[in-house]
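Asker: Quick one: this structure, given as structure tokens, is what I'll be asking you about.
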Amino acid sequence: MAIQAVRGMKDLLPPEAPKWRFIEATAREAFAAFGFSEIRVPILERTELFARSIGEETDIVSKEMYTFEDRSGDSLTMRPEATAGVARAFLEHKLHATPGPHKLFTIGPMFRHERPQKGRLRQFHQLDCEVLDDAGPQSDAELLVLADHLLKVLGVAKVQIVLNSLGCPECRPSFKQALLSYFQDKQGRLCDDCNKRLANNPLRVLDCKQEDCKEIAAGAPLISASWCPDCSEHFDQVKRLLGLAGVSYALDPKLVRGLDYYTRTAFELKTGELGAQDAVGGGGRYDGLIQALGGPATPAIGFALGIERLALLIEDRPEWQSGPALFIAALGEEPRAWAFGAACALRKKGLWVEMSASDVSLKAQMRRANKMNAAQVLIVGGEELKAGAAPLKDMASGDQTDLPLDEIVTRLAAAGA
RNA sequence: GUGGCUAUAGCUCAGUUUGGUUAGAGCGCCAGGUUGUGGCCCUGGAGGCCGAGGGUUCAAGUCCCUCUAGCCACCCCA
């Protein structure tokens, strides 16, 4: 059997590339406007980094990572998300010693060994933003305004911001306790998964999809009742600032996040268009992460958007299909030689110029020019070469006018530039 | 990782139930219909070890097994 791509890894073919370039370019513009600087970090990190930051008990670390030993026996992992690497770089280069807050973005591939589905690949790509060293609600709101703005300029409608606060190390334990005591006498009616969740991460029971569990969870205590005054105030401020910025959102007291390091503000960008893979992005505050990695206490917040999932929600646009400014249809050996020279001269001026690769009929060349969506076609045969002028055809209108050949480079370069 | 569905031309899919001579369609591609003029239309052509491997049978695209990949749901998550 012919060699094929590794499972869950996809080629991006030329027709799809313009959409990706549009997404990335639009994101870079938005990130720049909001004051984010680019950081590029390696795809490989020591396994320990993810184990410590994401949490040993999470599915990501326990069963979804691409982990292997390199030739010197070190355990390395292909990053399953961007935050850990950015946090590591932040510490390693002591960016905390320079004035913050540090607003960083990075774009690139992530890897998770999951069963692939549409919109869920083993190599997938994210747009990622992090604000390090700022605890204030303004950063939370800024990030959400940025995400909301980016979705709008990308033309992605039908995405809703779903918002919650997960509390902090001060108040979350009491909420967990309240949950545990609520579920205590109902364990028998919960599904097997939920019984495991009860032990590992009780918050997860809240968003189980089993009907029975949903019913039971409906009566569970809400985290909002457990927020400490600081968390409550912080969340109020975030909501107030979102209101000022005109960003709409939905509150979901049952929204939880899978990664251990999240605190306070947590959010997802959800759509109904992608089936079960309903999140195009998500993020939240992770005030404890940097310290957990051995750094100084550094509050931070970040979010990531999945490029594949965004791409599924964006229609192709006609302007991405633009063709060459000029196609030279040359007939015969000498005209082709002349056309090659003219095409190269025009290309060096920055114009997209094409000609047929082989000496085929004019009809075939015209067809090809049309397929390529060429704006104009210059038709050059032996006679034109002798006469020093050739018909230039405008493909949209069909009009043809003669153009002196010795002026072609200057005339077209001036007109096309 | 678990369960289900699927795999036939470059693409989207018929044909599989009831095994039987050269495996089809639409779109796309190439050519012709004009000695050198695109799109629309007409005509013709190229292109398939029917996902891979094994088995049953006189005979397998069609039935059975294994593998691989895709899709859907779960787990989890962007």
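The chains in the structure tokens are called A, B, ... from first to last as shown; in each chain the residues are counted from 1, and the ligands are counted from 1 in the order shown.
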Please identify the strand (DSSP E) residues within stretch 223-298 of chain A (assignment by DSSP from backbone atoms) and present them as a VMD selection string.
Answerer: chain A and resid 250 to 251 263 to 271 279 to 285
Asker: Chain A near chain B within 8 Å: what's each residue's closest atom pair and its distance in Å to one decimal, counting only C-alpha atoms (C1' of nucleotides), ordered by chain then ascending residue number, as a tab-separated table?
Answerer:
residue	atom	partner	partner_atom	distance
A:Met1	CA	B:A52	C1'	6.1
A:Arg7	CA	B:A69	C1'	7.4
A:Asp59	CA	B:C76	C1'	6.5
A:Ile60	CA	B:C76	C1'	7.7
A:Gln117	CA	B:C71	C1'	6.9
A:Lys118	CA	B:C71	C1'	7.5
A:Gln126	CA	B:A78	C1'	6.9
A:Gly258	CA	B:C77	C1'	7.9
A:Ala279	CA	B:A78	C1'	6.6
A:Val280	CA	B:A78	C1'	5.7
A:Gly281	CA	B:A78	C1'	5.2
A:Gly282	CA	B:A78	C1'	7.0
A:Ala304	CA	B:A78	C1'	6.7
A:Leu305	CA	B:A78	C1'	5.7
A:Gly306	CA	B:A78	C1'	4.2
A:Ile307	CA	B:A78	C1'	7.9
A:Arg309	CA	B:A78	C1'	7.5
A:Leu362	CA	B:G36	C1'	6.1
A:Lys363	CA	B:U37	C1'	6.3
A:Met366	CA	B:G38	C1'	4.8
A:Arg367	CA	B:G38	C1'	4.7
A:Arg368	CA	B:G38	C1'	7.7
A:Ala369	CA	B:G38	C1'	7.0
A:Asn370	CA	B:G38	C1'	5.2
A:Gly381	CA	B:G36	C1'	7.9
A:Met395	CA	B:G38	C1'	7.6
Asker: Set the distance at 10 Å and use only C-alpha atoms (C1' of nucleotides): which residues neighbour A:Tyr249 once local chain neighbours fewer than 2 positions away are removed? I'd like the list as a list in words.
Answerer: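 The residues that qualify are Leu144, Asp148, Val159, Gln160, Ile161, Val162, Leu163, Lys239, Leu242, Gly243, Gly246, Val247, Leu251, Asp252, Phe267 and Leu269 of chain A.
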Asker: So that I can check the surroundings of B:A25, please list as a PyMOL selection string every protein, DNA and RNA residue that reaches within 12 Å of it, counting only C-alpha atoms (C1' of nucleotides) and ignoring chain neighbours fewer than 4 positions away.
Answerer: chain B and resi 9+12-15
Asker: Can I get the selected residues back with all heavy atoms, as a CSV table (one decimal), in the first residue's frame?
Answerer:
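Done, and the output landed in again_26.csv:
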chain,number,residue,atom,x,y,z
B,9,A,P,-12.8,5.5,-6.9
B,9,A,OP1,-11.6,5.9,-6.2
B,9,A,OP2,-14.1,6.2,-6.6
B,9,A,O5',-12.6,5.6,-8.5
B,9,A,C5',-11.3,5.4,-9.0
B,9,A,C4',-11.1,6.3,-10.2
B,9,A,O4',-12.1,6.1,-11.2
B,9,A,C3',-11.2,7.8,-9.9
B,9,A,O3',-10.1,8.5,-10.5
B,9,A,C2',-12.5,8.3,-10.5
B,9,A,O2',-12.4,9.6,-11.0
B,9,A,C1',-12.6,7.3,-11.7
B,9,A,N9,-14.0,7.1,-12.1
B,9,A,C8,-15.2,7.4,-11.6
B,9,A,N7,-16.2,7.1,-12.4
B,9,A,C5,-15.7,6.4,-13.4
B,9,A,C6,-16.2,5.8,-14.6
B,9,A,N6,-17.5,5.8,-14.8
B,9,A,N1,-15.4,5.3,-15.5
B,9,A,C2,-14.1,5.3,-15.2
B,9,A,N3,-13.4,5.9,-14.2
B,9,A,C4,-14.3,6.4,-13.3
B,12,U,P,-15.2,13.2,-2.5
B,12,U,OP1,-15.3,13.7,-1.1
B,12,U,OP2,-14.7,11.9,-2.8
B,12,U,O5',-16.7,13.4,-3.1
B,12,U,C5',-17.5,14.5,-2.8
B,12,U,C4',-18.8,14.3,-3.4
B,12,U,O4',-18.7,14.3,-4.9
B,12,U,C3',-19.5,13.0,-3.1
B,12,U,O3',-20.2,13.0,-1.9
B,12,U,C2',-20.5,12.9,-4.3
B,12,U,O2',-21.6,13.7,-4.1
B,12,U,C1',-19.7,13.5,-5.4
B,12,U,N1,-19.0,12.4,-6.2
B,12,U,C2,-19.7,11.8,-7.2
B,12,U,O2,-20.8,12.1,-7.5
B,12,U,N3,-19.0,10.8,-7.9
B,12,U,C4,-17.7,10.4,-7.7
B,12,U,O4,-17.2,9.5,-8.4
B,12,U,C5,-17.0,11.1,-6.6
B,12,U,C6,-17.7,12.0,-5.9
B,13,C,P,-20.4,11.6,-1.1
B,13,C,OP1,-21.5,11.8,-0.2
B,13,C,OP2,-19.1,11.2,-0.6
B,13,C,O5',-20.8,10.6,-2.3
B,13,C,C5',-21.8,9.7,-2.2
B,13,C,C4',-22.5,9.5,-3.5
B,13,C,O4',-21.6,9.7,-4.6
B,13,C,C3',-22.8,8.0,-3.8
B,13,C,O3',-24.0,7.7,-3.0
B,13,C,C2',-23.0,8.0,-5.3
B,13,C,O2',-24.3,8.5,-5.6
B,13,C,C1',-21.9,8.9,-5.8
B,13,C,N1,-20.7,8.2,-6.2
B,13,C,C2,-20.7,7.6,-7.5
B,13,C,O2,-21.8,7.6,-8.1
B,13,C,N3,-19.6,6.9,-7.9
B,13,C,C4,-18.5,6.9,-7.2
B,13,C,N4,-17.5,6.2,-7.7
B,13,C,C5,-18.5,7.5,-5.9
B,13,C,C6,-19.6,8.2,-5.5
B,14,A,P,-24.3,6.1,-2.9
B,14,A,OP1,-25.4,6.0,-1.9
B,14,A,OP2,-23.1,5.3,-2.7
B,14,A,O5',-24.9,5.8,-4.3
B,14,A,C5',-25.1,4.6,-4.8
B,14,A,C4',-25.7,4.6,-6.1
B,14,A,O4',-24.9,5.2,-7.1
B,14,A,C3',-26.0,3.1,-6.6
B,14,A,O3',-27.2,2.6,-6.0
B,14,A,C2',-26.0,3.3,-8.1
B,14,A,O2',-27.2,3.8,-8.5
B,14,A,C1',-24.9,4.4,-8.3
B,14,A,N9,-23.6,3.8,-8.5
B,14,A,C8,-22.5,3.9,-7.7
B,14,A,N7,-21.4,3.2,-8.1
B,14,A,C5,-21.9,2.7,-9.3
B,14,A,C6,-21.3,1.8,-10.3
B,14,A,N6,-20.0,1.5,-10.2
B,14,A,N1,-22.0,1.4,-11.3
B,14,A,C2,-23.3,1.8,-11.4
B,14,A,N3,-24.0,2.6,-10.6
B,14,A,C4,-23.2,3.0,-9.6
B,15,G,P,-27.1,1.4,-5.0
B,15,G,OP1,-28.5,1.0,-4.7
B,15,G,OP2,-26.1,1.7,-4.0
B,15,G,O5',-26.5,0.2,-6.0
B,15,G,C5',-27.2,-0.1,-7.2
B,15,G,C4',-26.2,-0.9,-8.0
B,15,G,O4',-25.1,-0.1,-8.4
B,15,G,C3',-25.6,-2.2,-7.4
B,15,G,O3',-26.5,-3.3,-7.5
B,15,G,C2',-24.4,-2.4,-8.3
B,15,G,O2',-24.7,-3.0,-9.4
B,15,G,C1',-23.9,-0.9,-8.6
B,15,G,N9,-22.9,-0.5,-7.7
B,15,G,C8,-23.0,0.3,-6.5
B,15,G,N7,-21.9,0.5,-5.9
B,15,G,C5,-20.9,-0.2,-6.7
B,15,G,C6,-19.5,-0.3,-6.6
B,15,G,O6,-18.8,0.2,-5.7
B,15,G,N1,-19.0,-1.0,-7.6
B,15,G,C2,-19.7,-1.5,-8.7
B,15,G,N2,-19.0,-2.2,-9.6
B,15,G,N3,-21.0,-1.4,-8.8
B,15,G,C4,-21.5,-0.7,-7.8
